[in-house]
Structures are given as structure tokens and as C-alpha cells.
2 protein chains.
Amino acid sequence: MGVILVHVANADPAPWIDELRRQAPDLDARGLDAVGDPAAVEVAITWKLPHGLFRTYPNLALIQSMAAGVDHVLADSDRPAHVPVARVVDPWMARSMVHQVALAVLRWHRRLDWVEAMRADARWPTGVVFDADAVRVGVLGLGHLGQAVARAMQDLGFAAAGWARSPKVIDGLDCHHGPEGLRALAAWSSVLVCLLPLTPETEGILNAELFERMAPGSLLVNVGRGGHLVEDDLIAALDAGRLAAAALDVFRTEPLPAGHRFWSDPRIYLTPHIASEINPVTATRVFVENIRRIRAGDAPIGLIDPAKGY
Amino acid sequence: MGVILVHVANADPAPWIDELRRQAPDLDARGLDAVGDPAAVEVAITWKLPHGLFRTYPNLALIQSMAAGVDHVLADSDRPAHVPVARVVDPWMARSMVHQVALAVLRWHRRLDWVEAMRADARWPTGVVFDADAVRVGVLGLGHLGQAVARAMQDLGFAAAGWARSPKVIDGLDCHHGPEGLRALAAWSSVLVCLLPLTPETEGILNAELFERMAPGSLLVNVGRGGHLVEDDLIAALDAGRLAAAALDVFRTEPLPAGHRFWSDPRIYLTPHIASEINPVTATRVFVENIRRIRAGDAPIGLIDPAKGY
């Protein structure tokens with residue numbers, strides 16, 4: 001029974017360690033400063049561990065990302081390739097992601113910014129009809145989160161379809177795949193939601209070529225990673241009216257630098273990476289279960305394929 | 001085959017008459033100015049027909065409200081009591097109502113106003129977790145719209161329960177009734193959504209006695225009628241922090257008078273009676289069907305009980 005290293009970039013790991021101990025008092029959970037002998041580290045639970053550290057733990061048996069994505073782990077080229085990597089799969093996070101996307105879509109569809117502008121002038125418009133039949137939500141990425149979002153859009157009475165790198169069959173959902181499928185989905189959608197993993201294939205996938213296929217006045221929702229978006233292409237699409245708005249929760253540099261033009265552009269619904277914030281209580285349940293599985297020789301929940309990147 | 005009178009207070013009935021003729025070319029649809037012989041009027045499709053007019057149509061066979069509510073019809077004390085009154089029951093309107101309520105609940109739950117304030121200062125908060133488990137939506141009124149909203153809240157992963165004047169049994173939904181049940185629901189809810197019909201029993205039902213039972217920081221959503229709300233009690237509940245916000249789509253006087261304090265209170269999510277705007281195409285389908293039914297001697301869709309008021 002080795003050490004469970006808990007590390008959260010730019011944050012105190014103590015609340016996580018406390019929650020681990022609360023749920024599993026027998027675990028020897030420690031922060032980076034208290035690890036002691038590197039050979040004792042059995043599991044690394046981490047958000048953005050400094051590159052080069054994984055390889056210093058010779059007995060590491062599991063790398064557990066503290067997020068739905070593992071790009072921050074795979075970006076460490078010194079990572080020992082034999083150690084399994086797991087992402088967090090947690091219904092709590094899926095529900096939060098659904099809420100984030102639903103809020104963005106409803107805010108755009110029901111023209112909240114326009115309503116607020118009317119209000120500022122004490123104006124009372126009449127004959128306002130929101131045509132929900134015209135809302136077609138294309139979801140890029142059909143994993144745990146993407147499927148949850150597509151279903152939720154359908155539950156709300158919106159048309160939805162999806163896209164993944166490889167063919168998928170999902171009951172009740174049109175699934176496109178490959179480059180041709182991506183272009184077809186963009187042409188169909190009035191909302192594109194990015195929930196892809198960030199990999200070399202998906203870096204910069206939200207670009208001018210995609211935007212120009214969409215109908216004027218469309219909405220982009222990026223809740224994947226900042227690296228999916230070509231920022232200059234987004235501004236051009238907004239300026240051209242191709243996109244009416246973009247809901248961005250993730251950015252190439254986080255926190256978003258002061259002075260970045262996204263801060264002040266009213267067409268951008270900016271949120272500070274809060275779409276699917278990890279919940280210490282429910283995520284720790286997953287961590288405890290995965291430690292149990294690794295010790296029993298079973299595959300952890302959320303095991304990823306490093307070759308695919310997700 | 002008599003005249004189908006089409007009347008919309010403060011609006012041109014021509015688009016409605018055109019749509020009726022498009023869907024049913026045999027119908028003799030006319031505006032108030034072109035009615036001719038009052039004895040020829042067979043059906044009155046109306047939003048707020050001036051009081052006293054219904055009784056001038058001796059052969060009136062159906063009063064069709066152009067809204068989900070019929071309070072504007074029943075308020076005419078000269079209305080001939082034997083003429084059936086129908087409200088609009090239209091899935092289009094239910095979906096729009098669901099969207100209106102979902103947007104209000106998500107805006108409050110995910111603290112959009114606070115997020116926007118952070119953004120205005122280019123601040124990047126960390127550790128933001130929205131506790132969806134703490135959201136409990138109480139729906140007042142369990143008709144077509146109330147049930148649709150309660151289900152949608154459950155689909156979004158929120159707890160929901162309901163209240164109606166008389167006992168109801170709805171699969172998967174806790175239904176309260178009566179004065180005691182109303183108090184119990186208010187004490188349970190962190191969100192109260194009013195979708196009641198406006199009747200003498202429900203006038204002023206959203207009042208201090210109800211608000212003081214709710215947990216601090218709760219949300220009120222009034223998408224029923226302005227007459228449901230005691231405005232001074234709302235302001236007091238907001239000032240006391242009992243309510244964090246109120247989403248109001250309906251008002252005692254509409255349009256809301258310039259200078260009314262609701263216009264400028266940031267704690268009020270104000271919308272200009274657009275929650276469930278009637279859709280000319282889909283609502284006209286209901287009107288055509290109800291004219292057919294009346295002529296065939298059948299009960300119209302959405303027939304109301306004047307004694308109950310809904």
C-alpha cells in the first residue's frame with residue numbers, strides 16, 4: 001500500500017487529501033511536499049503535475065487526472081508509458097456540463113442580451129416568438145459528456161446530432177464521423193458544441209473552414225479545451241455575422257490574460273473554466289474506487305488510450 | 001357556417017386571419033371592424049376582447065382564448081355563461097415555457113450575474129462549484145404547462161415537486177395540494193415557479209407568507225399572471241435576502257409602466273411577457289380543430305370549467 005500523491009496546480013491539495021481520508025481512512029494520501037521516498041508513490045491524482053515528475057516515481061501504478069481531460073498528463077513526454085492513465089467520469093460533472101451548455105444555448109436562443117437591452121430602455125417589444133424548431137445542436141465529441149449534452153438538448157425539444165472521429169452508433173442520435181461528416185454537421189447546425197478531447201487531430205478544429213459552413217447568426221460553444229479554437233478565426237466569424245455569439249469556457253492560456261480581447265467582447269459569453277468543475281466529494285468516490293481497482297488488478301474507471309489521446 | 005371573429009388587443013388581427021384562411025380556406029374569418037351582423041358570429045378567437053361584446057353575439061358557440069389563460073375572458077361579467085370557453089393547449093407553447101423557466105433557473109443557479117461582474121473586472125475566480133443537488137424546484141400549478149416544466153427540471157437533474165389546488169397523482173412527481181401543502185412545498189423549495197391560472201383563490205398567492213418559508217437565497221419565477229404576485233412583498237423578500245432573485249414575465253399592468261421600479265432592479269430578471277408567446281401557425285391548427293369540433297358537437301381542446309376558472 002503505497003503513497004497516494006495528490007497535486008492540484010495553483011491550489012492547496014489539503015481539502016482533497018482530507019476528503020480522501022474521510023472516505024478511505026486507510027489511504028496514505030500526501031501532497032507533493034510530503035511525498036518522501038519517490039519509490040513509495042503508488043498513485044498520482046493530479047491536475048497539471050509539473051512535467052518530468054511522473055518518471056521519478058518508479059512504482060507508479062496509476063495516473064488519475066482530476067479532470068475529464070487527460071491532455072495535461074499526456075503533454076508530459078517523460079511520462080512512463082506503461083502506467084495507466086484515467087480521466088474522471090462522474091455523473092455530477094456531466095450534469096454540470098449539461099447545465100453550462102443549456103444556459104448558453106437558451107441565452108442565445110431566447111436573445112437574453114437583446115431582452116436586457118430592451119429593458120435598459122424600459123421598452124416592451126411585442127410579437128417576440130423564439131423559433132425553437134430552428135435550433136439544431138451539433139455536438140462534437142460523443143463520449144460521456146457529449147452524449148449527455150446531446151440527450152439534454154433533445155429533452156429540451158431541440159434537434160441534436162453528433163460527430164466523433166470514428167463511427168459511432170447511438171440510439172436516437174444521428175452520428176457523423178470523419179472530415180466529410182464534420183463538414184456536413186457544421187452545415188446542418190445552428191449551434192456547435194465542442195466537447196472533444198484535445199489531441200493533435202483536434203487542435204484548432206474550431207476554425208474558419210468550419211464556421212463558414214454554418215448559417216448566419218449561429219452559436220459556438222467551446223467547453224472542450226482552448227486549443228480547439230483558432231481565436232482569430234472566431235473574431236472574423238463574429239465580425240462577419242456568421243456567428244452571432246460564442247460561449248467560451250476554456251482558453252489557450254488560463255486564467256485568460258488581462259487585456260485579452262475576449263474579456264470585453266459582448267458577443268462572447270465568457271466563463272472562467274467553470275463548465276464542469278470537479279466536485280471533491282463525488283470525484284473522490286471515483287478516485288477511491290480506482291485505487292481499489294488498481295490494487296485488485298482491475299482496469300480503472302475512465303481508463304484512456306494514450307494512442308488516441310482520450 | 002358563421003363568422004369567425006378574430007381579435008387581438010393592441011395588435012392587427014390580419015396575420016391571424018391570413019393564417020386561418022391558409023389552413024382552412026372555407027372559414028369566414030374577420031376582424032372586429034368587418035364582423036357585420038352580430039348574429040352571424042359563431043366563434044370568437046380573442047385576446048382581451050372589450051368587455052360587453054361577447055353578449056352582443058347571440059349565436060356565439062365558442063370563445064377561444066388566444067392564450068394559455070382565460071382570465072381575460074372570465075373577467076367579462078357580461079359573458080354569456082352557456083358559451084364554452086377554450087384556452088390554447090399547444091406543445092409549442094409548452095416548450096417555450098420550459099425554455100423560459102430553464103433559462104431563469106440556470107441563470108440563478110450558475111450565478112450568471114456574478115460571473116458577468118467578475119468578467120467586468122477581468123477576474124478569474126477558482127473553485128467555483130454549482131451545487132445542483134441543492135436545487136429543488138417547486139411548481140405551482142400542475143396543468144399542461146406545469147407538468148411540462150416539472151418534467152424538464154427533472155430531466156436537467158434538479159429535484160422537482162408540485163402543488164395544485166386539488167389532489168393530483170402524477171407519475172414520478174410529488175404533488176402537494178391545499179393550503180397546508182402549499183406551505184410544505186414552499187419550505188422544501190429553493191425555486192418556486194408559478195404556473196397557476198389566475199382566479200380569486202390564486203390572486204396574490206405569491207406573498208410574504210409564502211416567501212418567508214423559503215430558504216435564504218431562493219428564486220421566484222412568475223410566469224403565471226401579474227395578479228399572482230404581491231409586489232411589495234417581493235421587494236421586501238429580496239431586501240431581506242430571502243429571495244436572491246425573481247424572474248418575472250408577467251405584471252399587474254402590461255406593458256409594465258415606465259418608471260416602475262422592476263425595470264431597474266438588478267435582482268429581477270425581467271422579460272416582457274414572452275415566456276410562452278403564442279405561435280400563429282401551431283395555435284391556428286388548434287383553432288381550426290376546435291372550430292371543427294364545435295361544429296361536430298364535440299368538446300374543444302382546452303375546454304375550461306368557468307366555476308374553477310381554468
# chains A, B, ... in the order shown; residues from 1 in each chain; ligands from 1
>>> interface_residues(of="chain B", to="chain A", cutoff="6 Å", atoms="only C-alpha atoms", output="list in words")
Leu103, Leu106, Trp124, Val129, Pro272 and Glu277 of chain B
>>> residues_around(residues="segment 227-239 of chain A", least_positions_apart="5", cutoff="12 Å", atoms="only C-alpha atoms", output="number ranges by chain")
A: 71-72, 140-141, 193-222, 244-254, 260-262, 265-268
>>> atom_distance(atom1="atom CA of Cys175 of chain A", atom2="atom CA of Gly146 of chain A")
11.4 Å
>>> residues_around(residues="Asp76 of chain B", least_positions_apart="5", cutoff="10 Å", atoms="only C-alpha atoms", output="PyMOL selection string")
chain B and resi 48-55+71
>>> atom_distance(atom1="atom CA of Ala67 of chain B", atom2="atom CA of Ala159 of chain B")
28.7 Å
>>> closest_residue(among="B:Ala164, B:Val137, B:Leu20, B:Ala94", to="Leu182 of chain B", atoms="only C-alpha atoms")
B:Ala164
>>> residues_around(residues="Met1 of chain B", least_positions_apart="5", cutoff="12 Å", atoms="only C-alpha atoms", output="list in words")
Asp26, Leu27, Asp28, Ala29, Ala39, Ala40, Val41, Glu42, Val43, Asn59, Leu60, Ala61, Ile291, Arg292, Ile294, Arg295 and Ala296 of chain B
>>> select_by_dssp(residues="segment 8-257 of chain B", states="alpha helix (DSSP H)", output="NGL selection string")
:B and (14-23 or 71-74 or 91-109 or 112-120 or 144-155 or 178-188 or 208-211 or 231-239)
>>> decode(residues="segment 227-261 of chain A", atoms="N, CA and C atoms", output="PDB file, in the first residue's frame")
ATOM      1  N   GLY A 227      -7.310  25.004 -26.821  1.00  0.00           N
ATOM      2  CA  GLY A 227      -6.544  24.660 -28.011  1.00  0.00           C
ATOM      3  C   GLY A 227      -7.390  24.223 -29.194  1.00  0.00           C
ATOM      4  N   HIS A 228      -8.664  23.959 -28.978  1.00  0.00           N
ATOM      5  CA  HIS A 228      -9.542  23.597 -30.095  1.00  0.00           C
ATOM      6  C   HIS A 228      -9.859  24.793 -30.988  1.00  0.00           C
ATOM      7  N   LEU A 229      -9.763  25.978 -30.431  1.00  0.00           N
ATOM      8  CA  LEU A 229     -10.261  27.178 -31.123  1.00  0.00           C
ATOM      9  C   LEU A 229      -9.138  28.000 -31.747  1.00  0.00           C
ATOM     10  N   VAL A 230      -9.359  28.402 -32.986  1.00  0.00           N
ATOM     11  CA  VAL A 230      -8.481  29.394 -33.617  1.00  0.00           C
ATOM     12  C   VAL A 230      -9.110  30.758 -33.344  1.00  0.00           C
ATOM     13  N   GLU A 231      -8.508  31.486 -32.427  1.00  0.00           N
ATOM     14  CA  GLU A 231      -9.168  32.686 -31.900  1.00  0.00           C
ATOM     15  C   GLU A 231      -9.406  33.738 -32.977  1.00  0.00           C
ATOM     16  N   ASP A 232      -8.425  33.939 -33.851  1.00  0.00           N
ATOM     17  CA  ASP A 232      -8.603  34.954 -34.903  1.00  0.00           C
ATOM     18  C   ASP A 232      -9.756  34.575 -35.840  1.00  0.00           C
ATOM     19  N   ASP A 233      -9.903  33.299 -36.105  1.00  0.00           N
ATOM     20  CA  ASP A 233     -10.998  32.852 -36.976  1.00  0.00           C
ATOM     21  C   ASP A 233     -12.348  33.112 -36.309  1.00  0.00           C
ATOM     22  N   LEU A 234     -12.410  32.942 -34.991  1.00  0.00           N
ATOM     23  CA  LEU A 234     -13.660  33.215 -34.278  1.00  0.00           C
ATOM     24  C   LEU A 234     -14.043  34.682 -34.407  1.00  0.00           C
ATOM     25  N   ILE A 235     -13.105  35.566 -34.153  1.00  0.00           N
ATOM     26  CA  ILE A 235     -13.402  37.006 -34.239  1.00  0.00           C
ATOM     27  C   ILE A 235     -13.883  37.358 -35.644  1.00  0.00           C
ATOM     28  N   ALA A 236     -13.223  36.794 -36.651  1.00  0.00           N
ATOM     29  CA  ALA A 236     -13.631  37.076 -38.038  1.00  0.00           C
ATOM     30  C   ALA A 236     -15.057  36.579 -38.295  1.00  0.00           C
ATOM     31  N   ALA A 237     -15.398  35.398 -37.773  1.00  0.00           N
ATOM     32  CA  ALA A 237     -16.740  34.844 -37.982  1.00  0.00           C
ATOM     33  C   ALA A 237     -17.799  35.675 -37.251  1.00  0.00           C
ATOM     34  N   LEU A 238     -17.446  36.201 -36.092  1.00  0.00           N
ATOM     35  CA  LEU A 238     -18.372  37.086 -35.366  1.00  0.00           C
ATOM     36  C   LEU A 238     -18.529  38.401 -36.129  1.00  0.00           C
ATOM     37  N   ASP A 239     -17.427  38.936 -36.600  1.00  0.00           N
ATOM     38  CA  ASP A 239     -17.483  40.196 -37.347  1.00  0.00           C
ATOM     39  C   ASP A 239     -18.328  40.039 -38.612  1.00  0.00           C
ATOM     40  N   ALA A 240     -18.242  38.862 -39.238  1.00  0.00           N
ATOM     41  CA  ALA A 240     -18.977  38.620 -40.481  1.00  0.00           C
ATOM     42  C   ALA A 240     -20.443  38.265 -40.223  1.00  0.00           C
ATOM     43  N   GLY A 241     -20.815  38.074 -38.945  1.00  0.00           N
ATOM     44  CA  GLY A 241     -22.191  37.699 -38.645  1.00  0.00           C
ATOM     45  C   GLY A 241     -22.478  36.221 -38.842  1.00  0.00           C
ATOM     46  N   ARG A 242     -21.443  35.488 -39.245  1.00  0.00           N
ATOM     47  CA  ARG A 242     -21.598  34.035 -39.407  1.00  0.00           C
ATOM     48  C   ARG A 242     -21.985  33.445 -38.057  1.00  0.00           C
ATOM     49  N   LEU A 243     -21.259  33.852 -37.037  1.00  0.00           N
ATOM     50  CA  LEU A 243     -21.620  33.510 -35.659  1.00  0.00           C
ATOM     51  C   LEU A 243     -22.218  34.744 -34.996  1.00  0.00           C
ATOM     52  N   ALA A 244     -23.324  34.546 -34.281  1.00  0.00           N
ATOM     53  CA  ALA A 244     -23.904  35.652 -33.508  1.00  0.00           C
ATOM     54  C   ALA A 244     -23.215  35.772 -32.154  1.00  0.00           C
ATOM     55  N   ALA A 245     -22.770  34.635 -31.641  1.00  0.00           N
ATOM     56  CA  ALA A 245     -22.173  34.627 -30.304  1.00  0.00           C
ATOM     57  C   ALA A 245     -21.325  33.382 -30.141  1.00  0.00           C
ATOM     58  N   ALA A 246     -20.451  33.426 -29.141  1.00  0.00           N
ATOM     59  CA  ALA A 246     -19.640  32.260 -28.804  1.00  0.00           C
ATOM     60  C   ALA A 246     -19.554  32.166 -27.285  1.00  0.00           C
ATOM     61  N   ALA A 247     -19.916  31.009 -26.762  1.00  0.00           N
ATOM     62  CA  ALA A 247     -19.819  30.763 -25.324  1.00  0.00           C
ATOM     63  C   ALA A 247     -18.516  30.018 -25.087  1.00  0.00           C
ATOM     64  N   LEU A 248     -17.575  30.686 -24.444  1.00  0.00           N
ATOM     65  CA  LEU A 248     -16.241  30.104 -24.252  1.00  0.00           C
ATOM     66  C   LEU A 248     -15.965  29.927 -22.767  1.00  0.00           C
ATOM     67  N   ASP A 249     -15.638  28.696 -22.401  1.00  0.00           N
ATOM     68  CA  ASP A 249     -15.309  28.401 -21.006  1.00  0.00           C
ATOM     69  C   ASP A 249     -13.832  28.061 -20.851  1.00  0.00           C
ATOM     70  N   VAL A 250     -13.167  27.817 -21.985  1.00  0.00           N
ATOM     71  CA  VAL A 250     -11.771  27.359 -21.969  1.00  0.00           C
ATOM     72  C   VAL A 250     -10.959  28.222 -22.924  1.00  0.00           C
ATOM     73  N   PHE A 251      -9.679  28.355 -22.618  1.00  0.00           N
ATOM     74  CA  PHE A 251      -8.847  29.310 -23.351  1.00  0.00           C
ATOM     75  C   PHE A 251      -7.453  28.736 -23.496  1.00  0.00           C
ATOM     76  N   ARG A 252      -6.724  29.236 -24.488  1.00  0.00           N
ATOM     77  CA  ARG A 252      -5.371  28.724 -24.724  1.00  0.00           C
ATOM     78  C   ARG A 252      -4.479  29.006 -23.531  1.00  0.00           C
ATOM     79  N   THR A 253      -4.662  30.165 -22.906  1.00  0.00           N
ATOM     80  CA  THR A 253      -3.953  30.475 -21.661  1.00  0.00           C
ATOM     81  C   THR A 253      -4.991  30.705 -20.571  1.00  0.00           C
ATOM     82  N   GLU A 254      -4.860  29.970 -19.479  1.00  0.00           N
ATOM     83  CA  GLU A 254      -5.784  30.148 -18.350  1.00  0.00           C
ATOM     84  C   GLU A 254      -4.976  30.401 -17.081  1.00  0.00           C
ATOM     85  N   PRO A 255      -5.401  31.346 -16.239  1.00  0.00           N
ATOM     86  CA  PRO A 255      -6.502  32.288 -16.459  1.00  0.00           C
ATOM     87  C   PRO A 255      -6.286  33.110 -17.727  1.00  0.00           C
ATOM     88  N   LEU A 256      -7.363  33.500 -18.355  1.00  0.00           N
ATOM     89  CA  LEU A 256      -7.281  34.356 -19.532  1.00  0.00           C
ATOM     90  C   LEU A 256      -6.531  35.630 -19.157  1.00  0.00           C
ATOM     91  N   PRO A 257      -5.490  35.989 -19.913  1.00  0.00           N
ATOM     92  CA  PRO A 257      -4.692  37.165 -19.528  1.00  0.00           C
ATOM     93  C   PRO A 257      -5.528  38.445 -19.508  1.00  0.00           C
ATOM     94  N   ALA A 258      -5.249  39.296 -18.540  1.00  0.00           N
ATOM     95  CA  ALA A 258      -5.876  40.626 -18.525  1.00  0.00           C
ATOM     96  C   ALA A 258      -5.546  41.286 -19.856  1.00  0.00           C
ATOM     97  N   GLY A 259      -6.468  41.998 -20.415  1.00  0.00           N
ATOM     98  CA  GLY A 259      -6.195  42.671 -21.674  1.00  0.00           C
ATOM     99  C   GLY A 259      -6.530  41.841 -22.902  1.00  0.00           C
ATOM    100  N   HIS A 260      -6.771  40.522 -22.739  1.00  0.00           N
ATOM    101  CA  HIS A 260      -7.199  39.713 -23.890  1.00  0.00           C
ATOM    102  C   HIS A 260      -8.534  40.259 -24.384  1.00  0.00           C
ATOM    103  N   ARG A 261      -8.711  40.326 -25.699  1.00  0.00           N
ATOM    104  CA  ARG A 261      -9.917  40.982 -26.219  1.00  0.00           C
ATOM    105  C   ARG A 261     -11.207  40.224 -25.896  1.00  0.00           C
TER     106      ARG A 261
END
